[in-house]
Amino acid sequence: MKRLLAIVFPALIGLAVQAQPDLLVEALRSYQAGDLVKARVLVDEAVQTPAHSQDAEAWLLRGFIHKDLFKGMPGGAKADAVREEALNSLMNSLNLDEAGTYKDNAVQAYDFLARSFFNDAAKALGEQQEDRAVQLFNGYAKATLRRQPGVSLKAREIEFHNALGTAYTKRFNQQRQDTTWFLKATEAYGHVLALEPDNYGANYNLATLHYNRGVYNIRAIKAEDDIPAIQRIQEVSRVHFQRALPFMLKAHELDPQRRETLLGLEGIYYSLQDQSSSERFRRLFELLPPQNDQ
Amino acid sequence: MGEVKSTFQAMVGSNLRWMLLLPLLLCAAAPQQRDPDKDTTAILQANYLYNIAKLVEWKDPAMRNGNFIIGVIGSANVYQELIKLYSTRTIGKQPIEVRKLPRTASVERCHLLFVGRSDLELLPEIYRNLAKGPTLVVTEYEGALDDGAVVNFVRVNNLLKYELSLANAGAHGVVVGLTLRNLAYRVDERP
């Protein structure tokens with residue numbers, strides 16, 4: 001640790017050896033000793049002083065201290081605030097460091113924190129905290145673009161929104177009466193397809209989402225439903241089956257050998273009462289060798 | 001940093017696998033025997049059969065007593081759906097009894113007999129055997145009304161509908177209610 005800090009903070013280590021009283025030196029000593037809370041108080045005060053307010057090394061130290069504090073926190077609003085402070089400090093350091101003395105270390109720490117937003121967004125999705133996941137993903141995008149304006153986030157956006165669509169689909173499957181989740185899922189997959197129309201997963205999942213909703217409507221038929229009622233239900237389901245079809249056809253076009261797509265088309269055409277098309281895709285499925293997907 | 005990355009990858013990796021697998025469970029029907037929960041046609045046909053039963057009447061008083069028998073040949077899913085949703089119901093005062101019949105043309109007397117697509121080859125003989133009886137035959141192929149069926153499921157604009165023959169109904173002593181006629185896709189009124 002000491003050796004590492006000597007490399008990262010050469011000037012400060014020099015001052016520390018001379019034992020000159022300085023808030024920043026004290027902050028570094030506390031940081032070296034692992035007392036992050038005290039180090040934070042000292043460094044916060046130090047960067048307010050004229051001696052260090054424009055000091056890239058001071059802001060770098062502040063960024064490191066806040067980053068390590070963030071790493072030790074369980075998450076939540078307080079951790080978010082500390083991460084924000086760390087990012088701001090590291091950005092200040094980068095902006096002040098015209099010679100680039102501290103650049104590599106500042107960039108490494110900054111990018112770690114930016115990526116942590118994305119990591120936390122994935123975790124939030126796993127915990128069914130979709131709103132927080134969206135907020136964290138936006139934090140990731142904002143932090144990344146702040147350091148690298150113009151960088152493409154397309155791959156990450158696709159990855160995140162596909163996972164978001166899946167999370168909303170899971171919600172919808174748990175509460176099928178609430179179409180809010182259905183709409184959110186279609187929006188998430190729609191976002192992916194706007195970025196990448198040939199995305200297999202988004203096409204397949206969007207098709208399946210509509211197909212399943214159509215099936216669910218029909219499955220919900222009750223014994224009390226009379227003929228006009230079942231005809232209305234059919235018409236509603238038909239809309240979903242018809243919406244599912246182009247996305248499943250696109251998925252099939254992207255990967256004609258995928259078993260689930262062939263079965264999906266077989267099922268959609270069957271529910272659209274198109275027996276010949278359904279049987280055509282059934283035959284294509286049966287022609288596939290076993291477990292061709294792997 | 002490495003730990004964060006690997007945690008994330010594990011999380012997203014797991015999500016993506018799940019993302020593709022869950023819908024597959026809902027979508028994939030085994031080609032030979034469709035999962036009854038996803039067999040939308042069977043669900044609709046079972047409901048139609050129940051409603052048809054409610055909207056017709058037999059002239060023969062003997063048919064208005066005892067259990068109301070719905071026989072099914074082929075289409076295991078229609079049979080299952082009838083059992084699941086309608087077997088505890090009644091038609092008038094007659095309790096519904098759903099029977100899965102063997103694949104043979106020697107059909108016992110039923111009120112309604114549904115013959116699914118998989119067993120259409122039995123129908124010519126079934127029509128002959130039931131020609132003078134009170135059984136109302138329902139099936140699903142083009143030209144069925146010409147052959148002797150009373151009700152035939154048809155596929156129109158991606159919807160499952162039905163057509164019916166008044167002459168065939170009359171031949172089996174069945175009176176078709178006005179509602180059933182009015183809601184049909186086509187009514188064959190030829191004598």
# chains A, B, ... in the order shown; residues from 1 in each chain; ligands from 1
$ closest_atom_pairs --of "chain A" --to "chain B" --cutoff "7 Å" --atoms "only C-alpha atoms" --output "JSON lines"
{"residue": "A:Phe112", "atom": "CA", "partner": "B:Met1", "partner_atom": "CA", "distance": 6.2}
{"residue": "A:Ser116", "atom": "CA", "partner": "B:Val4", "partner_atom": "CA", "distance": 6.9}
{"residue": "A:Asn119", "atom": "CA", "partner": "B:Phe8", "partner_atom": "CA", "distance": 5.0}
{"residue": "A:Ala122", "atom": "CA", "partner": "B:Val12", "partner_atom": "CA", "distance": 6.4}
{"residue": "A:Lys123", "atom": "CA", "partner": "B:Met11", "partner_atom": "CA", "distance": 6.9}
{"residue": "A:Ala163", "atom": "CA", "partner": "B:Asn15", "partner_atom": "CA", "distance": 6.4}
{"residue": "A:Thr166", "atom": "CA", "partner": "B:Met19", "partner_atom": "CA", "distance": 5.5}
{"residue": "A:Asn205", "atom": "CA", "partner": "B:Pro23", "partner_atom": "CA", "distance": 7.0}
{"residue": "A:Thr208", "atom": "CA", "partner": "B:Pro23", "partner_atom": "CA", "distance": 6.1}
{"residue": "A:Asn212", "atom": "CA", "partner": "B:Leu26", "partner_atom": "CA", "distance": 6.8}
{"residue": "A:Val215", "atom": "CA", "partner": "B:Lys38", "partner_atom": "CA", "distance": 6.4}
{"residue": "A:Ile218", "atom": "CA", "partner": "B:Thr40", "partner_atom": "CA", "distance": 6.3}
{"residue": "A:Arg219", "atom": "CA", "partner": "B:Asp37", "partner_atom": "CA", "distance": 7.0}
{"residue": "A:Ala223", "atom": "CA", "partner": "B:Leu85", "partner_atom": "CA", "distance": 6.1}
{"residue": "A:Asp226", "atom": "CA", "partner": "B:Asn51", "partner_atom": "CA", "distance": 6.4}
{"residue": "A:Ile227", "atom": "CA", "partner": "B:Asn51", "partner_atom": "CA", "distance": 6.7}
{"residue": "A:Gln234", "atom": "CA", "partner": "B:Leu159", "partner_atom": "CA", "distance": 6.6}
{"residue": "A:Arg238", "atom": "CA", "partner": "B:Asn158", "partner_atom": "CA", "distance": 6.8}
{"residue": "A:Glu260", "atom": "CA", "partner": "B:Leu24", "partner_atom": "CA", "distance": 6.2}
{"residue": "A:Leu263", "atom": "CA", "partner": "B:Ala28", "partner_atom": "CA", "distance": 5.4}
{"residue": "A:Gly264", "atom": "CA", "partner": "B:Cys27", "partner_atom": "CA", "distance": 5.8}
{"residue": "A:Gly267", "atom": "CA", "partner": "B:Cys27", "partner_atom": "CA", "distance": 6.8}
{"residue": "A:Ser271", "atom": "CA", "partner": "B:Thr40", "partner_atom": "CA", "distance": 6.0}
{"residue": "A:Leu272", "atom": "CA", "partner": "B:Asn158", "partner_atom": "CA", "distance": 4.6}
{"residue": "A:Gln273", "atom": "CA", "partner": "B:Asn158", "partner_atom": "CA", "distance": 5.1}
{"residue": "A:Asp274", "atom": "CA", "partner": "B:Asn158", "partner_atom": "CA", "distance": 6.7}
{"residue": "A:Arg282", "atom": "CA", "partner": "B:Pro31", "partner_atom": "CA", "distance": 6.4}
$ write_last_selection --atoms "N, CA and C atoms" --output "mmCIF file, in the first residue's frame"
data_model
loop_
_atom_site.group_PDB
_atom_site.id
_atom_site.type_symbol
_atom_site.label_atom_id
_atom_site.label_comp_id
_atom_site.auth_asym_id
_atom_site.auth_seq_id
_atom_site.Cartn_x
_atom_site.Cartn_y
_atom_site.Cartn_z
ATOM 1 N N PHE A 112 -13.369 2.782 -13.140
ATOM 2 C CA PHE A 112 -13.877 1.773 -12.208
ATOM 3 C C PHE A 112 -15.231 2.217 -11.632
ATOM 4 N N SER A 116 -18.958 0.736 -12.142
ATOM 5 C CA SER A 116 -19.721 0.258 -10.976
ATOM 6 C C SER A 116 -21.205 0.618 -11.095
ATOM 7 N N ASN A 119 -22.579 -2.181 -13.144
ATOM 8 C CA ASN A 119 -22.648 -3.374 -12.306
ATOM 9 C C ASN A 119 -23.837 -3.301 -11.357
ATOM 10 N N ALA A 122 -27.164 -3.860 -13.133
ATOM 11 C CA ALA A 122 -27.450 -5.285 -13.365
ATOM 12 C C ALA A 122 -27.933 -5.940 -12.080
ATOM 13 N N LYS A 123 -27.291 -5.567 -10.962
ATOM 14 C CA LYS A 123 -27.683 -6.134 -9.658
ATOM 15 C C LYS A 123 -29.122 -5.709 -9.315
ATOM 16 N N ALA A 163 -31.801 -6.735 -21.042
ATOM 17 C CA ALA A 163 -31.987 -7.275 -19.685
ATOM 18 C C ALA A 163 -33.176 -6.599 -18.995
ATOM 19 N N THR A 166 -36.336 -8.091 -20.222
ATOM 20 C CA THR A 166 -36.529 -9.396 -19.600
ATOM 21 C C THR A 166 -37.071 -9.249 -18.178
ATOM 22 N N ASN A 205 -37.703 -12.028 -28.251
ATOM 23 C CA ASN A 205 -38.429 -11.789 -26.993
ATOM 24 C C ASN A 205 -39.666 -10.927 -27.193
ATOM 25 N N THR A 208 -42.285 -13.162 -28.592
ATOM 26 C CA THR A 208 -42.796 -14.086 -27.577
ATOM 27 C C THR A 208 -43.683 -13.360 -26.567
ATOM 28 N N ASN A 212 -47.333 -14.644 -26.090
ATOM 29 C CA ASN A 212 -47.791 -15.120 -24.783
ATOM 30 C C ASN A 212 -49.001 -14.340 -24.290
ATOM 31 N N VAL A 215 -51.973 -15.743 -26.081
ATOM 32 C CA VAL A 215 -52.333 -17.051 -25.512
ATOM 33 C C VAL A 215 -52.999 -16.865 -24.151
ATOM 34 N N ILE A 218 -56.632 -16.019 -24.316
ATOM 35 C CA ILE A 218 -57.489 -17.166 -24.663
ATOM 36 C C ILE A 218 -57.573 -18.140 -23.494
ATOM 37 N N ARG A 219 -56.452 -18.320 -22.827
ATOM 38 C CA ARG A 219 -56.474 -19.209 -21.654
ATOM 39 C C ARG A 219 -57.404 -18.686 -20.563
ATOM 40 N N ALA A 223 -65.937 -20.577 -18.436
ATOM 41 C CA ALA A 223 -67.092 -21.357 -18.901
ATOM 42 C C ALA A 223 -68.286 -20.454 -19.173
ATOM 43 N N ASP A 226 -69.864 -16.472 -23.454
ATOM 44 C CA ASP A 226 -70.704 -16.924 -24.563
ATOM 45 C C ASP A 226 -69.958 -16.724 -25.897
ATOM 46 N N ILE A 227 -70.623 -17.066 -26.968
ATOM 47 C CA ILE A 227 -69.935 -17.020 -28.271
ATOM 48 C C ILE A 227 -69.479 -15.597 -28.643
ATOM 49 N N GLN A 234 -60.945 -13.615 -29.074
ATOM 50 C CA GLN A 234 -60.126 -14.045 -30.227
ATOM 51 C C GLN A 234 -59.586 -12.855 -31.004
ATOM 52 N N ARG A 238 -55.833 -12.069 -31.599
ATOM 53 C CA ARG A 238 -55.328 -12.032 -32.976
ATOM 54 C C ARG A 238 -54.381 -10.843 -33.182
ATOM 55 N N GLU A 260 -35.968 -22.595 -31.152
ATOM 56 C CA GLU A 260 -37.060 -21.883 -30.482
ATOM 57 C C GLU A 260 -37.806 -20.949 -31.443
ATOM 58 N N LEU A 263 -40.162 -23.160 -33.499
ATOM 59 C CA LEU A 263 -41.315 -23.502 -32.657
ATOM 60 C C LEU A 263 -42.202 -22.285 -32.417
ATOM 61 N N GLY A 264 -41.553 -21.133 -32.280
ATOM 62 C CA GLY A 264 -42.307 -19.898 -32.083
ATOM 63 C C GLY A 264 -43.196 -19.610 -33.278
ATOM 64 N N GLY A 267 -46.055 -21.995 -33.436
ATOM 65 C CA GLY A 267 -47.091 -21.643 -32.460
ATOM 66 C C GLY A 267 -47.886 -20.408 -32.865
ATOM 67 N N SER A 271 -51.868 -20.338 -33.757
ATOM 68 C CA SER A 271 -52.842 -19.486 -33.062
ATOM 69 C C SER A 271 -53.516 -18.508 -34.018
ATOM 70 N N LEU A 272 -52.868 -18.245 -35.146
ATOM 71 C CA LEU A 272 -53.505 -17.413 -36.179
ATOM 72 C C LEU A 272 -54.386 -18.259 -37.094
ATOM 73 N N GLN A 273 -54.586 -19.502 -36.716
ATOM 74 C CA GLN A 273 -55.439 -20.426 -37.477
ATOM 75 C C GLN A 273 -54.926 -20.641 -38.898
ATOM 76 N N ASP A 274 -53.614 -20.506 -39.060
ATOM 77 C CA ASP A 274 -53.000 -20.751 -40.366
ATOM 78 C C ASP A 274 -52.287 -22.103 -40.290
ATOM 79 N N ARG A 282 -43.322 -26.533 -38.444
ATOM 80 C CA ARG A 282 -43.153 -27.760 -37.660
ATOM 81 C C ARG A 282 -42.240 -28.732 -38.400
#
$ residues_around --residues "segment 103-112 of chain B" --least-positions-apart "6" --cutoff "7 Å" --atoms "only C-alpha atoms" --output "short mmCIF file (atom, residue, chain, number, x, y, z; two decimals) with N, CA and C atoms, in the first residue's frame"
data_model
loop_
_atom_site.label_atom_id
_atom_site.label_comp_id
_atom_site.auth_asym_id
_atom_site.auth_seq_id
_atom_site.Cartn_x
_atom_site.Cartn_y
_atom_site.Cartn_z
N PHE B 68 -75.76 -35.25 -20.21
CA PHE B 68 -75.53 -34.67 -21.55
C PHE B 68 -74.13 -35.12 -21.97
N ILE B 69 -74.09 -36.00 -22.97
CA ILE B 69 -72.82 -36.64 -23.30
C ILE B 69 -72.12 -35.94 -24.47
N ILE B 70 -70.91 -35.52 -24.18
CA ILE B 70 -70.06 -34.96 -25.25
C ILE B 70 -68.94 -35.97 -25.50
N GLY B 71 -68.93 -36.53 -26.68
CA GLY B 71 -67.89 -37.49 -27.03
C GLY B 71 -66.80 -36.81 -27.86
N ILE B 73 -63.40 -37.73 -30.26
CA ILE B 73 -62.46 -38.66 -30.90
C ILE B 73 -61.29 -37.82 -31.42
N LEU B 122 -62.00 -41.45 -40.10
CA LEU B 122 -63.08 -42.26 -39.54
C LEU B 122 -64.46 -41.71 -39.91
N GLU B 125 -67.46 -43.31 -42.23
CA GLU B 125 -68.18 -44.42 -41.60
C GLU B 125 -69.01 -43.92 -40.41
N ILE B 126 -68.47 -42.97 -39.69
CA ILE B 126 -69.22 -42.39 -38.56
C ILE B 126 -70.51 -41.75 -39.06
N PRO B 134 -79.53 -39.37 -33.14
CA PRO B 134 -79.67 -37.99 -32.68
C PRO B 134 -78.33 -37.28 -32.43
N THR B 135 -77.23 -37.96 -32.75
CA THR B 135 -75.93 -37.36 -32.42
C THR B 135 -75.57 -36.22 -33.37
N LEU B 136 -75.20 -35.12 -32.78
CA LEU B 136 -74.82 -33.93 -33.56
C LEU B 136 -73.29 -33.98 -33.75
N VAL B 137 -72.87 -34.11 -34.99
CA VAL B 137 -71.44 -34.25 -35.27
C VAL B 137 -70.81 -32.87 -35.54
#
$ closest_residue --among "A:Leu125, A:Leu87, A:Phe160, A:Tyr270" --to "Asn138 of chain A" --atoms "only C-alpha atoms"
A:Phe160
$ residues_around --residues "Asp44 of chain A" --least-positions-apart "6" --cutoff "12 Å" --atoms "only C-alpha atoms" --output "list of chain:residue names"
A:Leu23, A:Leu24, A:Glu26, A:Ala27, A:Leu28, A:Leu36, A:Val37, A:Lys38, A:His52, A:Ser53, A:Ala58, A:Trp59, A:Leu60, A:Leu61, A:Arg62, A:Gly63, A:Ile65, A:His66, A:Glu85, A:Ala86, A:Ser89
$ select_by_dssp --residues "segment 4-185 of chain B" --states "alpha helix (DSSP H)" --output "PyMOL selection string"
chain B and resi 4-27+40-54+76-86+123-130+144-147+166-171+178-183
$ closest_residue --among "A:Leu69, A:Val47, A:Leu287, A:Leu245" --to "Glu84 of chain A" --atoms "only C-alpha atoms"
A:Leu69
$ residues_around --residues "Asp104 of chain A" --least-positions-apart "2" --cutoff "12 Å" --atoms "only C-alpha atoms" --output "list in words"
Ile7, Val8, Leu60, Leu90, Ser93, Leu94, Asp97, Ala99, Gly100, Thr101, Tyr102, Ala106, Val107, Gln108, Ala109, Tyr110 and Asp111 of chain A
$ write_last_selection --atoms "C-alpha atoms" --output "mmCIF file, in the first residue's frame"
data_model
loop_
_atom_site.group_PDB
_atom_site.id
_atom_site.type_symbol
_atom_site.label_atom_id
_atom_site.label_comp_id
_atom_site.auth_asym_id
_atom_site.auth_seq_id
_atom_site.Cartn_x
_atom_site.Cartn_y
_atom_site.Cartn_z
ATOM 1 C CA ILE A 7 3.930 6.079 -6.786
ATOM 2 C CA VAL A 8 0.489 7.649 -6.972
ATOM 3 C CA LEU A 60 -6.826 12.733 -6.910
ATOM 4 C CA LEU A 90 -11.239 12.567 -10.114
ATOM 5 C CA SER A 93 -7.923 16.151 -10.965
ATOM 6 C CA LEU A 94 -7.958 15.293 -14.664
ATOM 7 C CA ASP A 97 -3.515 18.008 -14.355
ATOM 8 C CA ALA A 99 0.974 17.780 -17.499
ATOM 9 C CA GLY A 100 -0.830 14.484 -17.188
ATOM 10 C CA THR A 101 1.167 13.447 -14.120
ATOM 11 C CA TYR A 102 -1.765 11.731 -12.428
ATOM 12 C CA ALA A 106 -7.269 9.146 -12.166
ATOM 13 C CA VAL A 107 -8.648 7.533 -15.322
ATOM 14 C CA GLN A 108 -8.351 4.042 -13.867
ATOM 15 C CA ALA A 109 -10.222 5.028 -10.705
ATOM 16 C CA TYR A 110 -12.800 7.059 -12.638
ATOM 17 C CA ASP A 111 -13.554 4.227 -15.047
#
$ closest_residue --among "A:Pro149, A:Gly165, A:Pro228, A:Pro197" --to "Leu209 of chain A" --atoms "only C-alpha atoms"
A:Gly165
$ atom_distance --atom1 "atom CA of Pro124 of chain B" --atom2 "atom CA of Glu163 of chain B"
19.0 Å
$ residues_around --residues "Tyr168 of chain A" --least-positions-apart "4" --cutoff "9 Å" --atoms "only C-alpha atoms" --output "MDAnalysis selection string"
chainID A and resid 128 130 163:164 172:173 181:186 188
$ atom_distance --atom1 "atom CA of Gln129 of chain A" --atom2 "atom CA of Gln177 of chain A"
20.0 Å
$ atom_distance --atom1 "atom CA of Leu145 of chain B" --atom2 "atom CA of Ser276 of chain A"
21.5 Å
$ residues_around --residues "segment 235-237 of chain A" --least-positions-apart "3" --cutoff "8 Å" --atoms "only C-alpha atoms" --output "compact mmCIF listing (two decimals) with N, CA and C atoms, in the first residue's frame"
# COMPACT_ATOMS: atom_id res chain seq x y z
N ARG A 213 -49.03 -13.07 -24.61
CA ARG A 213 -50.19 -12.27 -24.17
C ARG A 213 -51.46 -12.73 -24.90
N GLY A 214 -51.30 -13.02 -26.18
CA GLY A 214 -52.45 -13.53 -26.94
C GLY A 214 -52.92 -14.86 -26.39
N VAL A 215 -51.97 -15.74 -26.08
CA VAL A 215 -52.33 -17.05 -25.51
C VAL A 215 -53.00 -16.86 -24.15
N ASN A 217 -54.76 -14.41 -23.03
CA ASN A 217 -56.15 -13.95 -23.20
C ASN A 217 -57.08 -15.12 -23.46
N ILE A 218 -56.63 -16.02 -24.32
CA ILE A 218 -57.49 -17.17 -24.66
C ILE A 218 -57.57 -18.14 -23.49
N GLN A 231 -65.56 -14.59 -29.31
CA GLN A 231 -65.14 -13.98 -30.58
C GLN A 231 -64.39 -12.67 -30.34
N ARG A 232 -64.83 -11.94 -29.33
CA ARG A 232 -64.10 -10.69 -28.98
C ARG A 232 -62.71 -11.03 -28.45
N HIS A 240 -52.42 -9.54 -31.02
CA HIS A 240 -51.11 -9.86 -30.43
C HIS A 240 -50.36 -10.89 -31.27
N PHE A 241 -51.09 -11.86 -31.77
CA PHE A 241 -50.42 -12.87 -32.63
C PHE A 241 -49.88 -12.19 -33.90
N LEU B 159 -59.14 -16.20 -37.50
CA LEU B 159 -60.04 -16.47 -36.37
C LEU B 159 -60.70 -17.83 -36.57
$ select_by_dssp --residues "segment 69-186 of chain B" --states "strand (DSSP E or B)" --output "count of residues only"
39
